[in-house]
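> Below you'll find the structure I mean.
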Amino acid sequence: MKEFMMIFTGADYADLGLSPEDLQNRMGKWFAWGNKMENAGILRGGNALNPNMRRIVGENRTVTDLTSTEVKEIVGGYYLVEAKDFDAVEKIAQDFPDYDLGGTVEIREVMVFDK
């Protein structure tokens, strides 16, 4: 088994103007998906990320504070899962709750280095 990170990108919920009921329903879908992975024994961790960000770029280390309204897509969070291969993670990602909002799941295998 290998570890994979599913990275979630899309618009910030606050920018979409979701009603409190829509937001609660959306969170319910996220919790159900997380619980499904946890019950299957494949979820190794994960977090939602705050939409505010600080970017440091280049040799001069130029610092810019950004909000979700200033970038096209934000990384909203990630899950770390254990699976056999990319195909298995792709199957898990079919339940991602935000496809209907234009969200994206990027799957990356975690590199393992010899110590």
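A note on labels: chains of the structure tokens are A, B, ... as shown, every chain counts residues from 1, and ligands are counted from 1 in their shown order.
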Among stretch 39-70 of chain A, which residues does DSSP mark as strand (DSSP E) when it is run on the backbone? Keep the chain and numbering as in the structure and answer as number ranges by chain.
A: 43-48, 53-57, 62-66
> Name all residues at most 12 Å from stretch 2-6 of chain A (count only C-alpha atoms; drop same-chain ones fewer than 2 positions away) and give them as a ChimeraX atom specification.
/A:8-9,42-48,75-94,96,104-112
> Find the residues around A:Thr64 up to 12 Å (only C-alpha atoms counted), leave out those fewer than 4 positions away in its own chain, and share them as an NGL selection string.
:A and (52-58 or 70)
> Any chance you can output those residues with N, CA and C atoms as a tab-separated table (two decimals), in the first residue's frame?

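Result file follows (out.tsv):
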chain	number	residue	atom	x	y	z
A	52	ASN	N	-7.30	32.62	3.49
A	52	ASN	CA	-6.29	33.68	3.46
A	52	ASN	C	-4.91	33.05	3.33
A	53	MET	N	-4.05	33.70	2.54
A	53	MET	CA	-2.73	33.10	2.32
A	53	MET	C	-1.66	34.18	2.22
A	54	ARG	N	-0.45	33.78	2.45
A	54	ARG	CA	0.73	34.64	2.29
A	54	ARG	C	1.67	33.91	1.35
A	55	ARG	N	2.08	34.60	0.30
A	55	ARG	CA	2.95	34.01	-0.71
A	55	ARG	C	4.31	34.71	-0.65
A	56	ILE	N	5.38	33.92	-0.64
A	56	ILE	CA	6.75	34.44	-0.65
A	56	ILE	C	7.40	33.93	-1.93
A	57	VAL	N	7.91	34.85	-2.75
A	57	VAL	CA	8.37	34.48	-4.09
A	57	VAL	C	9.75	35.05	-4.39
A	58	GLY	N	10.58	34.25	-5.05
A	58	GLY	CA	11.80	34.72	-5.67
A	58	GLY	C	12.97	34.98	-4.75
A	70	GLU	N	-8.71	37.11	-4.72
A	70	GLU	CA	-7.60	37.58	-5.57
A	70	GLU	C	-6.96	36.48	-6.41
> As a ChimeraX atom specification, please: all residues of chain A that backbone DSSP puts in helix (DSSP H, G or I).
/A:13-16,20-39,68-70,86-93,99-101
> Any idea what's packed within 10 Å of A:Val71, counting only C-alpha atoms, ignoring anything in its chain fewer than 4 positions away? Could you give it as an NGL selection string?
:A and (11 or 66-67)
> Could you write out that same residue set with all heavy atoms as a compact mmCIF listing (two decimals), in the first residue's frame?

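Now in part17.txt:
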# COMPACT_ATOMS: atom_id res chain seq x y z
N ALA A 11 -13.34 27.35 -5.60
CA ALA A 11 -13.70 28.65 -5.04
C ALA A 11 -13.95 28.51 -3.54
O ALA A 11 -14.33 27.44 -3.05
CB ALA A 11 -14.95 29.19 -5.73
N LEU A 66 -2.68 37.44 0.25
CA LEU A 66 -3.76 37.25 -0.72
C LEU A 66 -5.01 36.75 -0.02
O LEU A 66 -4.95 36.08 1.01
CB LEU A 66 -3.34 36.22 -1.77
CG LEU A 66 -2.10 36.55 -2.60
CD1 LEU A 66 -1.62 35.32 -3.33
CD2 LEU A 66 -2.40 37.67 -3.57
N THR A 67 -6.15 37.04 -0.62
CA THR A 67 -7.41 36.46 -0.18
C THR A 67 -7.96 35.62 -1.32
O THR A 67 -7.49 35.71 -2.46
CB THR A 67 -8.44 37.55 0.20
OG1 THR A 67 -8.75 38.30 -0.98
CG2 THR A 67 -7.90 38.46 1.29
> For A:Trp33, which residue out of A:Gly103, A:Asp15, A:Thr62, A:Asp95 is the nearest one, using only C-alpha atoms?
A:Asp95
> Quick one: of A:Gln24, A:Asn60, A:Asn39, A:Asn50, who's nearest to A:Asp12, counting only C-alpha atoms?
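For A:Asp12, the nearest of the candidates is A:Asn50.
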